[in-house]
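Below is one structure; the comments refer to it alone.
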Amino acid sequence: KIAIQTSKAPAAIGPYSQAIRVNGFVYTSGQLGLDPETGELKEGVQAQTHQAFKNIQAILEEEGLDLNYIVKTTVFLNDMNDFAAVNEVYATYFTGSFPARSAVEVARLPKDGLVEIEAIAVV
């Protein structure tokens with residue numbers, strides 16, 4: 001396995017890698033809506049969703065990939081009432097077939113984020 005690291009996405013805030021490449025797949029860690037330059041969360045669930053995707057995109061670009069290589073995502077929501085707002089943003093990041101996806105409401109996210117997204121991409 002090979003750890004993937006880029007300064008274009010937020011640094012890990014714990015003992016984990018931004019992503020791992022193994023056996024033809026890239027597994028990203030969950031990405032919050034953190035601005036990599038300031039370390040601060042964007043304001044609101046839609047802005048955080050956009051930023052989470054920008055962070056995932058930056059990690060994948062480190063491996064020469066883009067979002068169209070994603071085959072599965074998991075979306076963690078602080079409040080399931082934000083599902084439609086997240087979907088509105090989510091849909092703008094993919095062309096053609098959407099990846100498989102799970103979406104769950106959680107009790108709390110790191111840094112009190114509103115949304116966190118992890119992805120699996122095929123190399």
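By order in the structure tokens, chains are A, B, ...; within a chain, residues start at 1; ligands start at 1, following the order shown.
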Taking a cut-off of 8 Å and counting only C-alpha atoms, can you build a table that, for each residue of segment 45-67 of chain A near segment 78-99 of chain A, reports the nearest atom pair and how far apart they are in Å (one decimal), sorted by chain then residue number, as a Markdown table?
```
| residue | atom | partner | partner_atom | distance |
| --- | --- | --- | --- | --- |
| A:Val45 | CA | A:Val86 | CA | 7.0 |
| A:Gln46 | CA | A:Val86 | CA | 6.0 |
| A:Thr49 | CA | A:Val86 | CA | 6.4 |
| A:His50 | CA | A:Val89 | CA | 6.7 |
| A:Phe53 | CA | A:Tyr93 | CA | 7.7 |
| A:Leu67 | CA | A:Phe94 | CA | 6.8 |
```
Put those residues in a file: N, CA, C and O atoms, as a CSV table (one decimal), in the first residue's frame.
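What landed in part33.csv:
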```csv
chain,number,residue,atom,x,y,z
A,45,VAL,N,-23.7,24.1,4.8
A,45,VAL,CA,-23.6,22.7,4.3
A,45,VAL,C,-23.2,22.6,2.8
A,45,VAL,O,-22.4,21.8,2.4
A,46,GLN,N,-23.8,23.5,2.0
A,46,GLN,CA,-23.4,23.5,0.6
A,46,GLN,C,-22.0,23.9,0.4
A,46,GLN,O,-21.3,23.2,-0.4
A,49,THR,N,-19.8,21.0,1.4
A,49,THR,CA,-19.9,19.9,0.4
A,49,THR,C,-19.0,20.3,-0.8
A,49,THR,O,-18.2,19.4,-1.2
A,50,HIS,N,-19.1,21.5,-1.3
A,50,HIS,CA,-18.2,21.9,-2.4
A,50,HIS,C,-16.7,21.7,-2.0
A,50,HIS,O,-15.9,21.1,-2.7
A,53,PHE,N,-15.5,18.1,-1.8
A,53,PHE,CA,-15.2,17.6,-3.2
A,53,PHE,C,-13.9,18.2,-3.7
A,53,PHE,O,-13.1,17.5,-4.4
A,67,LEU,N,-12.4,13.1,-10.5
A,67,LEU,CA,-13.6,12.6,-9.8
A,67,LEU,C,-14.3,11.5,-10.6
A,67,LEU,O,-15.1,10.7,-10.1
```
Tell me, as a ChimeraX atom specification, which residues lie within 6 Å of segment 68-73 of chain A, counting only C-alpha atoms; anything in the same chain fewer than 5 positions away does not count.
/A:99-101,118-122
Compile the contact shell of Thr28 of chain A as a PyMOL selection string: residues with an atom at most 10 Å away, counting only C-alpha atoms, same-chain residues fewer than 3 positions apart removed.
chain A and resi 3-4+17-21+25+31+55-56+59-60+73+117-121
Since we have the selection now, will you write its residues out, keeping N, CA and C atoms, as a tab-separated table (two decimals), in the first residue's frame?
```
chain	number	residue	atom	x	y	z
A	3	ALA	N	0.79	5.45	0.72
A	3	ALA	CA	0.08	6.61	1.25
A	3	ALA	C	0.15	7.76	0.25
A	4	ILE	N	-0.94	8.47	0.13
A	4	ILE	CA	-1.03	9.63	-0.76
A	4	ILE	C	-1.12	10.87	0.11
A	17	SER	N	-3.79	8.64	6.92
A	17	SER	CA	-3.34	9.21	5.65
A	17	SER	C	-4.51	9.88	4.95
A	18	GLN	N	-4.21	10.87	4.10
A	18	GLN	CA	-5.26	11.48	3.30
A	18	GLN	C	-5.90	10.43	2.40
A	19	ALA	N	-5.09	9.51	1.89
A	19	ALA	CA	-5.59	8.42	1.06
A	19	ALA	C	-4.54	7.32	0.99
A	20	ILE	N	-4.99	6.16	0.58
A	20	ILE	CA	-4.11	5.00	0.37
A	20	ILE	C	-4.41	4.43	-1.00
A	21	ARG	N	-3.35	4.12	-1.76
A	21	ARG	CA	-3.50	3.40	-3.03
A	21	ARG	C	-3.06	1.97	-2.80
A	25	PHE	N	-6.86	0.57	-6.48
A	25	PHE	CA	-7.86	1.48	-5.95
A	25	PHE	C	-7.21	2.56	-5.11
A	31	GLN	N	-13.35	13.51	3.96
A	31	GLN	CA	-12.96	14.91	3.78
A	31	GLN	C	-14.08	15.82	4.26
A	55	ASN	N	-11.35	18.96	-1.98
A	55	ASN	CA	-10.29	18.25	-1.26
A	55	ASN	C	-10.08	16.85	-1.83
A	56	ILE	N	-11.18	16.14	-2.10
A	56	ILE	CA	-11.08	14.81	-2.71
A	56	ILE	C	-10.42	14.91	-4.08
A	59	ILE	N	-6.68	15.33	-3.82
A	59	ILE	CA	-6.03	14.06	-3.44
A	59	ILE	C	-5.93	13.14	-4.66
A	60	LEU	N	-7.02	13.02	-5.41
A	60	LEU	CA	-7.01	12.16	-6.59
A	60	LEU	C	-6.05	12.67	-7.65
A	73	THR	N	-18.89	6.37	-2.97
A	73	THR	CA	-18.71	7.39	-1.95
A	73	THR	C	-19.55	7.05	-0.73
A	117	ILE	N	-17.20	13.49	3.41
A	117	ILE	CA	-17.34	12.58	2.27
A	117	ILE	C	-16.04	11.79	2.10
A	118	GLU	N	-16.18	10.47	1.93
A	118	GLU	CA	-15.04	9.63	1.59
A	118	GLU	C	-15.33	8.98	0.25
A	119	ALA	N	-14.26	8.61	-0.45
A	119	ALA	CA	-14.43	8.07	-1.80
A	119	ALA	C	-13.48	6.91	-2.05
A	120	ILE	N	-13.91	6.04	-2.95
A	120	ILE	CA	-13.06	4.96	-3.47
A	120	ILE	C	-13.01	5.18	-4.98
A	121	ALA	N	-11.78	5.26	-5.51
A	121	ALA	CA	-11.59	5.45	-6.94
A	121	ALA	C	-10.80	4.30	-7.51
```
Going by DSSP on the backbone, which bits of chain A are strand (DSSP E or B)? Write them as a VMD selection string, please.
chain A and resid 2 to 4 19 to 22 25 to 28 31 to 32 34 41 70 to 77 100 to 105 115 to 122
